[in-house]
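Here is the file upload-v3.txt (compact mmCIF, C-alpha atoms).
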# COMPACT_ATOMS: atom_id res chain seq x y z
CA MET I 26 0.00 0.00 0.00
CA ARG I 27 1.53 3.28 -1.12
CA ALA I 28 1.08 6.35 1.00
CA ASN I 29 0.23 9.58 -0.70
CA LEU I 30 2.60 12.28 0.55
CA CYS I 31 1.56 15.85 0.11
CA VAL I 32 4.14 18.63 0.37
CA VAL I 33 2.53 21.95 1.26
CA PRO I 34 4.10 24.93 -0.52
CA ALA I 35 4.65 28.15 1.37
CA SER I 36 2.01 30.18 -0.45
CA PRO I 37 -0.58 28.07 -2.37
CA ARG I 38 -3.60 26.66 -0.54
CA SER I 39 -3.68 23.37 -2.59
CA CYS I 40 -1.18 20.79 -3.83
CA LYS I 41 -0.93 17.81 -6.21
CA THR I 42 -0.45 14.25 -5.05
CA PRO I 43 1.85 11.90 -7.02
CA HIS I 44 -1.32 10.40 -8.70
CA GLY I 45 -2.55 13.77 -9.85
CA SER I 46 -5.32 14.25 -7.32
CA THR I 47 -5.65 17.56 -5.49
CA CYS I 48 -5.61 17.95 -1.74
CA CYS I 49 -6.70 21.17 -0.13
CA LEU I 50 -5.05 22.23 3.08
CA PRO I 51 -5.61 25.40 5.06
CA ARG I 52 -2.67 27.77 5.27
CA ALA I 53 -2.05 27.93 9.02
CA GLY I 54 1.36 29.54 9.15
CA GLY I 55 0.06 32.97 10.25
CA ARG I 56 -2.21 31.49 12.88
CA LEU I 57 0.55 29.29 14.24
CA ARG I 58 2.94 32.24 14.43
CA ARG I 59 0.39 34.28 16.38
CA ARG I 60 -0.18 31.44 18.80
CA ARG I 61 3.55 30.98 19.31
CA GLN I 62 3.96 34.72 19.96
CA GLU I 63 1.10 34.73 22.42
CA ALA I 64 2.58 31.71 24.21
CA ALA I 65 6.00 33.39 24.35
CA VAL I 66 4.61 36.45 26.20
CA PRO I 67 3.88 35.54 29.83
CA PRO I 68 0.80 37.10 31.43
CA ARG I 69 1.50 40.27 33.42
CA ALA I 70 1.76 39.31 37.04
CA ALA I 71 0.11 41.43 39.72
CA PRO I 72 2.51 43.38 41.97
CA ARG I 73 3.62 41.37 44.95
CA GLY I 74 5.65 41.92 48.07
CA PRO I 75 5.47 44.27 51.09
CA ARG I 76 4.47 47.32 49.01
CA ARG I 77 1.52 45.44 47.49
CA GLU I 78 0.41 44.26 50.94
CA ARG I 79 0.72 47.79 52.35
CA GLU I 80 -1.31 49.31 49.52
CA ARG I 81 -4.01 46.71 50.04
CA GLU I 82 -4.22 47.58 53.74
CA LEU I 83 -3.62 51.33 53.75
CA GLY I 84 -4.30 52.42 50.18
CA PRO I 85 -1.80 54.06 47.81
CA VAL I 86 1.41 55.39 49.32
CA LEU I 87 1.43 59.17 49.84
CA ASP I 88 2.95 61.00 46.92
CA VAL I 89 5.74 63.12 48.39
CA GLY I 90 5.53 65.38 45.37
CA SER I 91 2.11 66.60 46.51
CA MET I 92 3.44 67.94 49.85
CA ASN I 93 3.78 71.69 50.29
CA ASP I 94 6.86 73.56 51.56
CA TRP I 95 5.58 73.58 55.15
CA GLN I 96 5.07 69.81 55.20
CA ARG I 97 8.57 69.24 53.83
CA LYS I 98 10.20 70.99 56.81
CA SER I 99 11.96 68.88 59.42
CA PRO I 100 10.88 68.66 63.10
CA LEU I 101 13.88 70.82 64.03
CA GLU I 102 12.69 73.52 61.64
CA TRP I 103 9.15 73.39 63.06
CA GLU I 104 10.62 73.71 66.56
CA THR I 105 11.91 77.20 65.69
CA TYR I 106 8.29 78.44 65.47
CA VAL I 107 7.25 77.17 68.93
CA ASN I 108 6.46 79.88 71.53
CA LYS I 109 6.32 82.55 68.82
CA LEU I 110 3.45 84.72 67.61
CA VAL I 111 2.84 83.89 63.96
CA LYS I 112 0.52 84.68 61.09
CA VAL I 113 -0.48 81.64 59.04
CA VAL I 114 -1.77 82.03 55.50
CA ALA I 115 -3.79 78.99 54.44
CA VAL I 116 -5.63 77.95 51.30
CA GLU I 117 -8.27 80.31 49.91
CA LYS I 118 -6.36 83.18 51.57
CA HIS I 119 -7.58 82.36 55.08
CA GLU I 120 -5.35 83.90 57.76
CA TYR I 121 -4.80 82.81 61.35
CA GLU I 122 -2.80 84.55 64.05
CA GLY I 123 -1.71 83.09 67.37
CA TRP I 124 1.08 81.64 69.49
CA VAL I 125 2.50 78.32 68.30
CA LEU I 126 2.07 75.68 70.98
CA THR I 127 3.40 72.80 68.91
CA VAL I 128 3.49 71.30 65.42
CA ASP I 129 2.29 67.74 64.88
CA PRO I 130 5.29 65.79 63.46
CA VAL I 131 3.08 63.50 61.35
CA SER I 132 0.54 65.84 59.73
CA ALA I 133 2.48 69.15 60.15
CA THR I 134 -0.66 70.60 61.73
CA ILE I 135 0.00 73.86 63.61
CA VAL I 136 -1.55 74.20 67.07
CA LEU I 137 -2.17 77.87 67.89
CA ALA I 138 -3.05 79.44 71.23
CA ILE I 139 -5.10 82.62 70.97
CA PHE I 140 -5.53 85.05 73.86
CA PRO I 141 -8.14 87.69 72.99
CA GLU I 142 -8.24 90.69 75.35
CA ASN I 143 -10.42 90.16 78.41
CA GLU I 144 -11.43 86.72 77.13
CA LYS I 145 -10.46 83.17 77.97
CA GLY I 146 -7.77 81.71 75.73
CA SER I 147 -8.65 79.25 72.98
CA ILE I 148 -6.89 76.67 70.82
CA SER I 149 -7.11 76.43 67.02
CA PHE I 150 -5.64 73.99 64.51
CA VAL I 151 -4.36 74.70 61.01
CA MET I 152 -3.95 71.51 58.99
CA GLY I 153 -0.48 71.07 57.52
CA HIS I 154 -1.66 70.42 53.95
CA ALA I 155 -3.53 73.76 53.97
CA VAL I 156 -0.56 75.90 55.10
CA GLN I 157 0.87 78.19 52.43
CA GLU I 158 2.97 80.62 54.46
CA VAL I 159 4.00 81.13 58.10
CA GLU I 160 5.36 84.50 59.22
CA ILE I 161 6.89 85.09 62.67
CA LEU I 162 5.53 88.29 64.21
CA GLN I 163 6.94 88.23 67.72
CA GLU I 164 9.23 86.25 70.00
CA GLY I 165 7.72 84.95 73.22
CA ASP I 166 9.16 86.22 76.50
CA SER I 167 9.58 84.10 79.63
CA ASP I 168 6.09 84.95 80.91
CA MET I 169 4.46 83.92 77.64
CA LYS I 170 6.48 80.68 77.51
CA GLN I 171 5.25 79.75 81.00
CA ARG I 172 1.69 80.65 80.02
CA LEU I 173 1.89 78.41 76.98
CA ALA I 174 3.53 75.60 78.97
CA ARG I 175 0.63 75.60 81.43
CA ILE I 176 -1.80 74.93 78.58
CA LEU I 177 -0.04 71.68 77.67
CA ALA I 178 0.80 70.66 81.24
CA PRO I 179 -1.19 67.78 82.77
CA GLU I 180 -3.90 68.71 85.25
CA GLU I 181 -1.83 67.17 88.06
CA SER I 182 1.05 69.54 87.47
CA GLN I 183 -1.21 72.60 87.48
CA ALA I 184 -1.65 72.05 91.22
CA TYR I 185 2.04 72.98 91.66
CA SER I 186 3.71 76.34 91.18
CA PRO I 187 6.61 76.58 88.69
CA GLU I 188 9.00 76.77 91.64
CA GLU I 189 7.57 73.60 93.21
CA LEU I 190 7.81 71.73 89.90
CA GLU I 191 11.42 72.80 89.50
CA LYS I 192 12.18 71.59 93.01
CA ARG I 193 10.52 68.22 92.37
CA LYS I 194 12.40 67.79 89.10
CA ASN I 195 15.80 68.55 90.63
CA ALA I 196 15.19 66.28 93.62
CA LEU I 197 14.19 63.36 91.40
CA LYS I 198 17.10 63.96 89.05
CA THR I 199 19.56 63.93 91.95
CA TRP I 200 18.05 60.73 93.34
CA LEU I 201 18.29 58.98 89.95
CA GLU I 202 21.92 60.05 89.53
CA THR I 203 22.72 58.81 93.06
CA ASN I 204 21.39 55.41 92.02
CA HIS I 205 23.63 55.46 88.92
CA ILE I 206 20.72 55.91 86.50
CA PRO I 207 21.65 58.15 83.54
CA VAL I 208 19.25 61.09 83.36
CA GLY I 209 19.16 64.39 81.51
CA GLU I 210 16.82 67.25 80.69
CA GLN I 211 15.07 67.91 77.42
CA GLY I 212 12.23 69.91 75.91
CA GLU I 213 11.27 73.49 76.47
CA GLN I 214 13.01 74.92 79.54
CA GLY I 215 14.26 71.42 80.38
CA ARG I 216 10.93 70.47 81.96
CA THR I 217 11.13 66.84 80.81
CA LEU I 218 13.53 64.33 82.35
CA SER I 219 15.02 61.79 79.95
CA VAL I 220 16.19 58.48 81.45
CA ALA I 221 18.89 56.76 79.39
CA GLY I 222 17.37 58.31 76.28
CA VAL I 223 14.58 55.73 76.20
CA LEU I 224 12.12 57.00 78.80
CA SER I 225 10.72 60.46 79.58
CA ILE I 226 9.17 61.82 82.78
CA GLU I 227 6.88 64.83 82.53
CA PRO I 228 5.78 67.15 85.36
CA PRO I 229 4.84 66.61 88.13
CA TYR I 230 7.29 63.69 87.87
CA GLY I 231 5.30 60.74 89.16
CA PRO I 232 4.92 57.16 87.88
CA GLU I 233 1.87 58.16 85.82
CA GLN I 234 3.93 60.73 83.91
CA CYS I 235 6.44 58.15 82.62
CA SER I 236 6.34 57.20 78.95
CA SER I 237 8.44 54.77 76.93
CA THR I 238 8.08 52.34 74.04
CA ASN I 239 9.99 49.73 76.06
CA GLU I 240 7.46 48.14 78.43
CA ILE I 241 10.12 46.47 80.58
CA ILE I 242 12.04 49.69 81.23
CA LEU I 243 8.79 51.58 81.78
CA SER I 244 7.63 49.13 84.43
CA ARG I 245 10.98 49.16 86.26
CA VAL I 246 11.30 52.95 86.34
CA GLN I 247 7.70 53.35 87.49
CA GLY I 248 8.46 50.95 90.35
CA LEU I 249 11.56 52.98 91.28
CA LEU I 250 9.57 56.21 91.27
CA GLN I 251 6.89 54.69 93.45
CA ARG I 252 9.49 53.68 96.06
CA TYR I 253 11.12 57.11 95.78
CA LEU I 254 7.84 58.90 96.49
CA GLU I 255 7.13 56.62 99.44
CA GLN I 256 10.54 57.53 100.91
CA GLN I 257 9.71 61.24 100.60
CA ARG I 258 6.59 60.94 102.74
Is it possible to give me this structure as structure tokens?
Amino acid sequence: MRANLCVVPASPRSCKTPHGSTCCLPRAGGRLRRRRQEAAVPPRAAPRGPRRERERELGPVLDVGSMNDWQRKSPLEWETYVNKLVKVVAVEKHEYEGWVLTVDPVSATIVLAIFPENEKGSISFVMGHAVQEVEILQEGDSDMKQRLARILAPEESQAYSPEELEKRKNALKTWLETNHIPVGEQGEQGRTLSVAGVLSIEPPYGPEQCSSTNEIILSRVQGLLQRYLEQQR
């Protein structure tokens, strides 16, 4: 039995067998090439890794290019505005005037204290993304700095005079140094005690005023302060 072999030319759609009969074959070269090209291109994989996980949880990462000049300042630069009378120009030409209590390090929001004449003081907030310009109008004197410090001070410390708080701070600092615990002062007017650079103690310098991200150190120092206060009674 003889097999009929058909050789397909490159261009015609039909060919002749050795016995003269015609066989019709589809020209599939173009289709095969397309399939091979499609198979050679791998499907586009979805982004993976920590960034993908973060975007899924928190949304798109903040575009730094959209931040204004005020938001781009460093915490040290914001610190130069604290305890100063400023005029803030915000979006839509809104203007705010007051004494800078603090600047939020995350949002760059300015916290202003306003003391109208013969009226009780008030606090206002100017969101960092809305700030266009900040102009310093006046430096705060020692009286104004103490007045501003009392606004942020805990209610417990307001029961003490500035002299009493200074005395309590110095006594505690001396006691810590006597027990070979490294301690220093930080913040405005050195009101905050810093223990080994990992724990801070705010006025009026009790266990409740300790703060630290290290729970073990926090618990130990709070225990030391509790024994210290018991010895003072």
What's the 12 Å shell around Gly165 in chain I, counting only C-alpha atoms, without same-chain residues fewer than 6 positions away, as a list in words?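 That gives Thr105, Tyr106, Val107, Asn108, Lys109, Leu110, Val111, Gly123, Trp124, Val125, Leu126, Gln171, Arg172, Leu173 and Ala174 of chain I.
Going from CA of Asn195 in chain I over to CA of Met169 in chain I, you cover 23.1 Å.
Distances from I:Pro229, I:Glu160, I:His205, I:Val220 to Leu190 in chain I were compared using only C-alpha atoms, and the smallest one belongs to I:Pro229.
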Restricting the calculation to all atoms listed in the file: of I:Leu254, I:Gly212, I:Ile161, I:Ile139, which residue gets closest to Ile176 in chain I?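 Between I:Leu254, I:Gly212, I:Ile161, I:Ile139, the residue approaching Ile176 in chain I most closely is I:Ile139.
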Rows by chain and residue number, range 201-220 of chain I within 10 Å of range 231-253 of chain I, shortest pair, all atoms listed in the file, as JSON lines:
{"residue": "I:Leu201", "atom": "CA", "partner": "I:Leu249", "partner_atom": "CA", "distance": 9.1}
{"residue": "I:Ile206", "atom": "CA", "partner": "I:Val246", "partner_atom": "CA", "distance": 9.9}
{"residue": "I:Thr217", "atom": "CA", "partner": "I:Gln234", "partner_atom": "CA", "distance": 9.9}
{"residue": "I:Leu218", "atom": "CA", "partner": "I:Cys235", "partner_atom": "CA", "distance": 9.4}
{"residue": "I:Ser219", "atom": "CA", "partner": "I:Cys235", "partner_atom": "CA", "distance": 9.7}
{"residue": "I:Val220", "atom": "CA", "partner": "I:Val246", "partner_atom": "CA", "distance": 8.9}
Please, what distance in Å, to one decimal, runs between CA of Trp95 in chain I and CA of Val159 in chain I?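 Value for the CA of Trp95 in chain I-CA of Val159 in chain I distance: 8.3 Å.
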Kindly give the distance, in Å, that separates CA of Pro228 in chain I and CA of Arg258 in chain I, rounded to a single decimal. 18.5 Å
Shortest interatomic distance to Ser99 in chain I - which of I:Ser186, I:Ser132, I:Gln211, I:Ser167, counting only C-alpha atoms: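 Of I:Ser186, I:Ser132, I:Gln211, I:Ser167, the one nearest Ser99 in chain I, counting only C-alpha atoms, is I:Ser132.
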Please identify all polymer residues lying at most 10 Å from the point (2.5, 85.8, 56.6) (file coordinates), using only C-alpha atoms, and present the result as an MDAnalysis selection string. chainID I and resid 111:115 120:122 157:162
Output file for the selection above: C-alpha atoms, as a compact mmCIF listing (two decimals), in the coordinates of the input:
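again.txt, written as the output of this step:
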# COMPACT_ATOMS: atom_id res chain seq x y z
CA VAL I 111 2.84 83.89 63.96
CA LYS I 112 0.52 84.68 61.09
CA VAL I 113 -0.48 81.64 59.04
CA VAL I 114 -1.77 82.03 55.50
CA ALA I 115 -3.79 78.99 54.44
CA GLU I 120 -5.35 83.90 57.76
CA TYR I 121 -4.80 82.81 61.35
CA GLU I 122 -2.80 84.55 64.05
CA GLN I 157 0.87 78.19 52.43
CA GLU I 158 2.97 80.62 54.46
CA VAL I 159 4.00 81.13 58.10
CA GLU I 160 5.36 84.50 59.22
CA ILE I 161 6.89 85.09 62.67
CA LEU I 162 5.53 88.29 64.21
